[in-house]
$ cat my_file-v1.txt   # compact mmCIF, C-alpha atoms and all ligand atoms
# COMPACT_ATOMS: atom_id res chain seq x y z
CA MET A 1 219.07 -37.27 42.65
CA LYS A 2 219.21 -34.19 44.85
CA LEU A 3 221.59 -34.20 47.81
CA THR A 4 222.27 -31.62 50.48
CA LEU A 5 225.79 -31.49 51.85
CA LYS A 6 226.76 -29.99 55.18
CA ILE A 7 230.51 -29.63 54.72
CA TRP A 8 233.14 -28.52 57.21
CA ARG A 9 234.89 -25.42 55.87
CA GLN A 10 238.02 -24.14 57.56
CA ALA A 11 240.46 -21.80 55.86
CA SER A 12 243.47 -22.94 57.92
CA LEU A 13 244.44 -24.51 61.24
CA ASP A 14 244.47 -21.15 63.01
CA VAL A 15 240.93 -20.07 62.18
CA THR A 16 237.63 -21.43 63.41
CA GLY A 17 235.80 -23.70 61.02
CA GLN A 18 232.09 -24.14 60.46
CA PHE A 19 229.63 -26.25 58.53
CA CYS A 20 228.38 -24.77 55.27
CA GLN A 21 225.36 -26.18 53.48
CA TYR A 22 225.23 -26.81 49.73
CA THR A 23 222.79 -28.54 47.43
CA VAL A 24 223.73 -30.64 44.41
CA GLU A 25 220.72 -31.14 42.14
CA GLN A 26 222.41 -33.22 39.44
CA ALA A 27 223.89 -36.08 41.46
CA HIS A 28 223.73 -39.54 39.86
CA PRO A 29 223.58 -42.85 41.76
CA ASP A 30 226.58 -44.14 39.78
CA MET A 31 228.80 -41.25 40.86
CA SER A 32 231.40 -41.82 43.53
CA PHE A 33 231.37 -39.60 46.59
CA LEU A 34 234.44 -37.76 45.31
CA GLU A 35 232.71 -37.14 41.98
CA LEU A 36 229.86 -35.58 43.95
CA LEU A 37 232.40 -33.19 45.49
CA ASP A 38 233.80 -32.52 41.99
CA VAL A 39 230.33 -31.51 40.81
CA LEU A 40 229.85 -29.32 43.87
CA ASN A 41 233.21 -27.65 43.24
CA GLU A 42 232.29 -26.90 39.63
CA GLN A 43 229.14 -25.24 40.97
CA LEU A 44 231.13 -23.22 43.51
CA ILE A 45 233.73 -22.12 40.96
CA ALA A 46 230.95 -21.03 38.58
CA GLN A 47 229.57 -18.90 41.43
CA ASP A 48 233.03 -17.37 42.11
CA GLN A 49 233.27 -19.19 45.42
CA LEU A 50 236.24 -21.16 46.72
CA PRO A 51 236.00 -24.89 46.00
CA VAL A 52 236.00 -27.39 48.86
CA GLU A 53 239.51 -28.78 49.43
CA PHE A 54 239.73 -32.56 49.79
CA ASP A 55 242.46 -35.17 49.36
CA HIS A 56 242.40 -37.77 46.62
CA ASP A 57 244.69 -39.45 44.13
CA CYS A 58 244.08 -42.94 42.70
CA ARG A 59 240.30 -43.01 43.22
CA GLU A 60 240.60 -46.80 43.13
CA GLY A 61 240.92 -47.59 46.83
CA ILE A 62 244.67 -48.13 46.54
CA CYS A 63 246.62 -45.05 47.59
CA GLY A 64 245.02 -44.05 50.89
CA SER A 65 244.84 -40.36 49.99
CA CYS A 66 241.11 -39.96 50.35
CA GLY A 67 239.41 -39.94 53.71
CA LEU A 68 236.28 -38.20 54.89
CA MET A 69 234.00 -38.53 57.87
CA ILE A 70 230.61 -39.06 56.21
CA ASN A 71 227.59 -38.88 58.49
CA GLY A 72 229.92 -39.51 61.43
CA GLN A 73 231.53 -42.64 59.99
CA ALA A 74 235.06 -42.84 58.60
CA HIS A 75 234.71 -43.46 54.83
CA GLY A 76 230.92 -43.62 55.22
CA SER A 77 228.47 -46.40 55.90
CA GLN A 78 229.82 -49.16 53.64
CA THR A 79 232.26 -51.68 55.12
CA LYS A 80 235.69 -52.24 53.54
CA THR A 81 235.19 -49.19 51.35
CA ALA A 82 237.40 -46.13 50.93
CA THR A 83 235.69 -42.79 50.32
CA CYS A 84 236.65 -42.87 46.64
CA GLN A 85 234.89 -46.23 46.24
CA LEU A 86 231.70 -45.10 47.97
CA TYR A 87 228.91 -44.64 45.44
CA LEU A 88 225.84 -42.44 45.67
CA ARG A 89 223.55 -45.43 45.14
CA HIS A 90 223.99 -46.00 48.86
CA PHE A 91 222.21 -42.71 49.58
CA GLN A 92 218.58 -41.72 49.07
CA ASP A 93 217.29 -38.85 46.94
CA GLY A 94 216.87 -35.87 49.27
CA ASP A 95 219.42 -37.05 51.84
CA ILE A 96 221.28 -34.50 53.96
CA ILE A 97 224.89 -35.68 54.31
CA THR A 98 227.38 -34.34 56.83
CA VAL A 99 231.00 -34.31 55.64
CA GLU A 100 233.93 -33.65 57.98
CA PRO A 101 237.70 -34.11 57.93
CA TRP A 102 239.45 -36.76 60.04
CA ARG A 103 239.28 -35.46 63.61
CA ALA A 104 242.46 -36.22 65.59
CA ARG A 105 245.03 -34.05 67.34
CA ALA A 106 247.78 -35.83 65.37
CA PHE A 107 246.03 -34.85 62.10
CA PRO A 108 245.85 -31.03 62.12
CA VAL A 109 243.49 -29.52 59.58
CA ILE A 110 245.28 -27.95 56.62
CA LYS A 111 242.17 -26.66 54.88
CA ASP A 112 238.51 -27.72 54.74
CA LEU A 113 238.58 -31.53 54.52
CA VAL A 114 242.35 -31.89 54.14
CA VAL A 115 244.38 -32.91 57.18
CA ASP A 116 248.11 -33.40 57.69
CA ARG A 117 248.74 -37.14 58.03
CA SER A 118 252.53 -36.89 58.00
CA ALA A 119 252.63 -38.37 61.53
CA LEU A 120 251.93 -41.72 59.86
CA ASP A 121 254.86 -41.16 57.48
CA ARG A 122 257.15 -40.48 60.44
CA ILE A 123 256.12 -43.78 62.03
CA MET A 124 256.93 -45.56 58.77
CA ALA A 125 260.27 -43.76 58.48
CA ALA A 126 261.17 -44.78 62.04
CA GLY A 127 260.88 -48.40 60.90
CA GLY A 128 263.93 -47.90 58.72
CA TYR A 129 265.08 -50.21 55.98
CA VAL A 130 264.92 -53.93 55.33
CA SER A 131 268.22 -55.76 54.74
CA VAL A 132 268.10 -57.62 51.45
CA LYS A 133 270.83 -58.93 49.20
CA THR A 134 271.24 -56.92 46.03
CA GLY A 135 271.64 -58.48 42.61
CA SER A 136 269.23 -60.51 40.58
CA ALA A 137 266.06 -61.80 42.22
CA ALA A 138 266.52 -64.99 44.23
CA GLU A 139 264.85 -68.14 42.95
CA ALA A 140 261.43 -68.13 44.61
CA ASN A 141 261.64 -71.62 46.10
CA SER A 142 264.98 -70.88 47.77
CA LEU A 143 263.13 -68.81 50.38
CA PRO A 144 260.36 -71.03 51.73
CA ILE A 145 257.59 -69.17 53.59
CA PRO A 146 254.71 -71.08 55.19
CA LYS A 147 251.51 -70.31 53.27
CA ALA A 148 249.69 -69.21 56.43
CA ASN A 149 252.42 -66.65 57.12
CA ALA A 150 252.48 -65.44 53.52
CA ASP A 151 248.70 -64.96 53.51
CA LEU A 152 248.70 -63.15 56.84
CA ALA A 153 251.62 -60.94 55.85
CA PHE A 154 249.78 -60.02 52.67
CA ASP A 155 246.63 -59.15 54.62
CA TYR A 156 248.59 -56.79 56.86
CA ALA A 157 250.50 -55.35 53.91
CA THR A 158 247.25 -54.21 52.30
CA CYS A 159 247.06 -51.25 54.74
CA ILE A 160 246.79 -48.15 52.55
CA GLY A 161 247.63 -45.73 55.36
CA CYS A 162 244.46 -43.67 54.97
CA GLY A 163 244.16 -42.90 58.70
CA ALA A 164 240.53 -44.00 59.04
CA CYS A 165 241.58 -46.16 62.01
CA VAL A 166 242.82 -43.04 63.81
CA ALA A 167 239.74 -41.01 62.92
CA ALA A 168 237.33 -43.70 64.13
CA CYS A 169 239.15 -44.51 67.37
CA PRO A 170 237.79 -42.73 70.46
CA ASN A 171 241.42 -42.37 71.58
CA ALA A 172 242.67 -41.33 68.10
CA SER A 173 245.14 -44.19 68.32
CA ALA A 174 247.34 -45.17 65.37
CA SER A 175 247.78 -48.69 66.75
CA LEU A 176 246.14 -50.54 63.85
CA PHE A 177 248.20 -48.68 61.24
CA THR A 178 251.48 -49.18 63.12
CA ALA A 179 250.66 -52.79 63.96
CA ALA A 180 249.86 -53.67 60.34
CA LYS A 181 253.20 -52.26 59.19
CA ILE A 182 255.12 -54.10 61.91
CA ALA A 183 253.19 -57.35 61.61
CA HIS A 184 253.61 -57.93 57.91
CA LEU A 185 257.41 -57.70 58.02
CA SER A 186 257.66 -59.73 61.23
CA LEU A 187 256.04 -62.66 59.41
CA LEU A 188 258.49 -62.74 56.50
CA PRO A 189 262.15 -63.83 56.35
CA GLN A 190 263.07 -60.47 54.81
CA GLY A 191 261.88 -58.66 57.93
CA GLN A 192 263.89 -60.63 60.47
CA VAL A 193 267.22 -58.76 60.50
CA GLU A 194 265.80 -55.50 61.87
CA ARG A 195 262.76 -57.09 63.52
CA GLN A 196 263.50 -56.01 67.09
CA GLN A 197 264.73 -52.51 66.38
CA ARG A 198 261.84 -51.92 63.99
CA VAL A 199 259.09 -52.62 66.54
CA GLN A 200 260.84 -50.53 69.16
CA ALA A 201 261.45 -47.57 66.87
CA MET A 202 257.97 -47.55 65.32
CA THR A 203 256.04 -47.89 68.58
CA GLU A 204 258.23 -45.24 70.21
CA GLN A 205 257.63 -42.88 67.27
CA MET A 206 253.89 -43.56 67.55
CA ALA A 207 254.08 -42.62 71.23
CA THR A 208 255.87 -39.33 70.50
CA GLU A 209 253.19 -38.23 68.02
CA ASP A 210 249.84 -36.93 69.30
CA PHE A 211 248.05 -40.27 69.04
CA GLY A 212 246.20 -41.89 71.93
CA ASP A 213 246.65 -45.47 73.03
CA CYS A 214 244.57 -48.50 72.11
CA SER A 215 241.83 -49.58 74.52
CA ASN A 216 240.35 -52.31 72.31
CA HIS A 217 237.24 -50.52 71.05
CA ALA A 218 237.86 -52.10 67.63
CA GLU A 219 236.38 -49.12 65.79
CA CYS A 220 239.56 -49.17 63.69
CA GLU A 221 238.83 -52.67 62.40
CA ALA A 222 235.22 -51.72 61.65
CA VAL A 223 236.16 -48.81 59.39
CA CYS A 224 239.36 -50.11 57.81
CA PRO A 225 238.79 -50.13 54.03
CA GLN A 226 241.09 -53.16 53.80
CA GLY A 227 239.42 -55.05 56.64
CA ILE A 228 242.63 -55.39 58.65
CA SER A 229 241.99 -57.25 61.90
CA ILE A 230 242.89 -55.86 65.32
CA ASP A 231 244.75 -59.15 65.78
CA ALA A 232 247.59 -57.09 64.32
CA ILE A 233 247.65 -54.97 67.49
CA ALA A 234 248.02 -58.04 69.71
CA ARG A 235 250.83 -59.20 67.40
CA MET A 236 252.53 -55.79 67.69
CA ARG A 237 252.37 -55.91 71.47
CA ARG A 238 253.90 -59.40 71.53
CA GLU A 239 256.62 -58.24 69.13
CA TYR A 240 257.36 -55.29 71.38
CA VAL A 241 257.69 -57.41 74.54
CA LYS A 242 259.83 -60.00 72.73
CA ALA A 243 262.13 -57.27 71.45
CA PHE A 244 263.48 -56.80 74.96
CA PHE A 245 264.33 -60.47 75.62
S1 LIG A 301 241.88 -41.81 46.32
FE1 LIG A 301 243.32 -43.45 46.52
S2 LIG A 301 242.38 -44.71 48.04
FE2 LIG A 301 240.88 -43.20 47.66
$ encode --input "my_file-v1.txt" --output "structure tokens"
Amino acid sequence: MKLTLKIWRQASLDVTGQFCQYTVEQAHPDMSFLELLDVLNEQLIAQDQLPVEFDHDCREGICGSCGLMINGQAHGSQTKTATCQLYLRHFQDGDIITVEPWRARAFPVIKDLVVDRSALDRIMAAGGYVSVKTGSAAEANSLPIPKANADLAFDYATCIGCGACVAACPNASASLFTAAKIAHLSLLPQGQVERQQRVQAMTEQMATEDFGDCSNHAECEAVCPQGISIDAIARMRREYVKAFF
């Protein structure tokens, strides 16, 4: 299949970017979107042009490194799908596809499609450590956890930190990311010791970064490759209020 790509090219944060148009003639429906960019880059290198910079690592929807705005949607048109798991069979021969980096003030462009998402790392770091006893692993049944809590904690813990929630939010809020990290530990016995200081520190760090606030658009939930519910944000807000009483 033949695809035309309009890709955002920007040499660095300080220079103006622009869309550049490329055509890939040898795309295959079974290729992932990142493999399409690989093919394009081989073409560009063969023509002595600079390849398009983009983030990736596992290419299995696990690590959260990939993240592109594809035709105006974070990670493209497929629900619960990271960019690396998006396949060309979801496009038509002859399509023109627009590819942009995450757009958010808290995610400055490094180059082309690569943005600096270290603001999310700083929120995580503000959460600090979890107090656990060292030594051999405790016998599993000695730490009873209600199944509903275990399931919910696992759902929240699946956040891969890709930043799609920020990119899709009209306020560029990191509320879903932060809430997922807070919520999963608040549901487990291991997260209780630092529960109050964690929610305070993480939400305050979120506020000091260049993210906006949540106004319940729910775009974050719609684009999250892990399908994390915005219920997490309500849980975070309750945790925050309770931390002061
Ligand atoms: S490259 Fe790891 S989630 Fe996409």
$ closest_residue --input "my_file-v1.txt" --among "A:Cys220, A:Met202, A:Ala207, A:Val115" --to "His56 of chain A" --atoms "all atoms listed in the file"
A:Val115
$ axis_aligned_box --input "my_file-v1.txt" --around "ligand LIG 301 (chain A)" --padding-each-side "4 Å" --output "AutoDock Vina command-line options"
--center_x 242.1 --center_y -43.3 --center_z 47.2 --size_x 10.4 --size_y 10.9 --size_z 9.7
$ closest_atom_pairs --input "my_file-v1.txt" --of "chain A" --to "ligand LIG 301 (chain A)" --cutoff "6 Å" --atoms "all atoms listed in the file" --output "CSV"
residue,atom,partner,partner_atom,distance
A:His56,CA,A:LIG301,S1,4.1
A:Asp57,CA,A:LIG301,S1,4.3
A:Cys58,CA,A:LIG301,FE1,3.9
A:Arg59,CA,A:LIG301,S1,3.7
A:Glu60,CA,A:LIG301,FE1,5.5
A:Gly61,CA,A:LIG301,S2,3.4
A:Ile62,CA,A:LIG301,S2,4.4
A:Cys63,CA,A:LIG301,FE1,3.8
A:Gly64,CA,A:LIG301,S2,3.9
A:Ser65,CA,A:LIG301,FE1,4.9
A:Cys66,CA,A:LIG301,FE2,4.2
A:Ala82,CA,A:LIG301,FE2,5.6
A:Thr83,CA,A:LIG301,FE2,5.8
A:Cys84,CA,A:LIG301,FE2,4.4
$ write_last_selection --input "my_file-v1.txt" --atoms "C-alpha atoms" --output "tab-separated table (two decimals), keeping the file's coordinate frame"
chain	number	residue	atom	x	y	z
A	56	HIS	CA	242.40	-37.77	46.62
A	57	ASP	CA	244.69	-39.45	44.13
A	58	CYS	CA	244.08	-42.94	42.70
A	59	ARG	CA	240.30	-43.01	43.22
A	60	GLU	CA	240.60	-46.80	43.13
A	61	GLY	CA	240.92	-47.59	46.83
A	62	ILE	CA	244.67	-48.13	46.54
A	63	CYS	CA	246.62	-45.05	47.59
A	64	GLY	CA	245.02	-44.05	50.89
A	65	SER	CA	244.84	-40.36	49.99
A	66	CYS	CA	241.11	-39.96	50.35
A	82	ALA	CA	237.40	-46.13	50.93
A	83	THR	CA	235.69	-42.79	50.32
A	84	CYS	CA	236.65	-42.87	46.64
$ residues_around --input "my_file-v1.txt" --residues "segment 175-182 of chain A" --least-positions-apart "4" --cutoff "7 Å" --atoms "all atoms listed in the file" --output "ChimeraX atom specification"
/A:156-157,159,161,165,186,199,214,220,230,232-233,236
$ atom_distance --input "my_file-v1.txt" --atom1 "atom CA of Leu13 of chain A" --atom2 "atom CA of Asp95 of chain A"
29.5 Å
$ residues_around --input "my_file-v1.txt" --residues "Arg105 of chain A" --least-positions-apart "2" --cutoff "9 Å" --atoms "only C-alpha atoms" --output "PyMOL selection string"
chain A and resi 103+107-108+172+210-211
$ residues_around --input "my_file-v1.txt" --residues "Thr79 of chain A" --least-positions-apart "5" --cutoff "10 Å" --atoms "only C-alpha atoms" --output "list of chain:residue names"
A:Ala74, A:Leu86, A:Glu221, A:Ala222, A:Val223, A:Cys224, A:Pro225, A:Gln226, A:Gly227
$ closest_residue --input "my_file-v1.txt" --among "A:Ile110, A:Gln43, A:Arg89, A:Glu35" --to "Asp14 of chain A" --atoms "all atoms listed in the file"
A:Ile110
$ atom_distance --input "my_file-v1.txt" --atom1 "atom CA of Trp8 of chain A" --atom2 "atom CA of Asp112 of chain A"
6.0 Å
$ residues_around --input "my_file-v1.txt" --residues "segment 17-24 of chain A" --least-positions-apart "4" --cutoff "9 Å" --atoms "all atoms listed in the file" --output "VMD selection string"
chain A and resid 1 to 13 36 39 to 40 43 96 98 to 100 112
$ closest_residue --input "my_file-v1.txt" --among "A:Ala234, A:Ala148, A:Ala243, A:Ala164" --to "Gly72 of chain A" --atoms "all atoms listed in the file"
A:Ala164
$ closest_residue --input "my_file-v1.txt" --among "A:Lys133, A:Arg237, A:Arg117, A:His28" --to "Tyr87 of chain A" --atoms "only C-alpha atoms"
A:His28
$ atom_distance --input "my_file-v1.txt" --atom1 "atom CA of Ala150 of chain A" --atom2 "atom CA of Gly191 of chain A"
12.4 Å
$ closest_residue --input "my_file-v1.txt" --among "A:Gln190, A:Asp213, A:Pro51, A:Ile228" --to "Leu143 of chain A" --atoms "only C-alpha atoms"
A:Gln190
$ closest_residue --input "my_file-v1.txt" --among "A:Ala153, A:Cys162, A:Ile97, A:Ala168" --to "Asp55 of chain A" --atoms "all atoms listed in the file"
A:Cys162
$ residues_around --input "my_file-v1.txt" --residues "Asn149 of chain A" --least-positions-apart "3" --cutoff "10 Å" --atoms "all atoms listed in the file" --output "number ranges by chain"
A: 145-146, 152-155, 184, 186-188
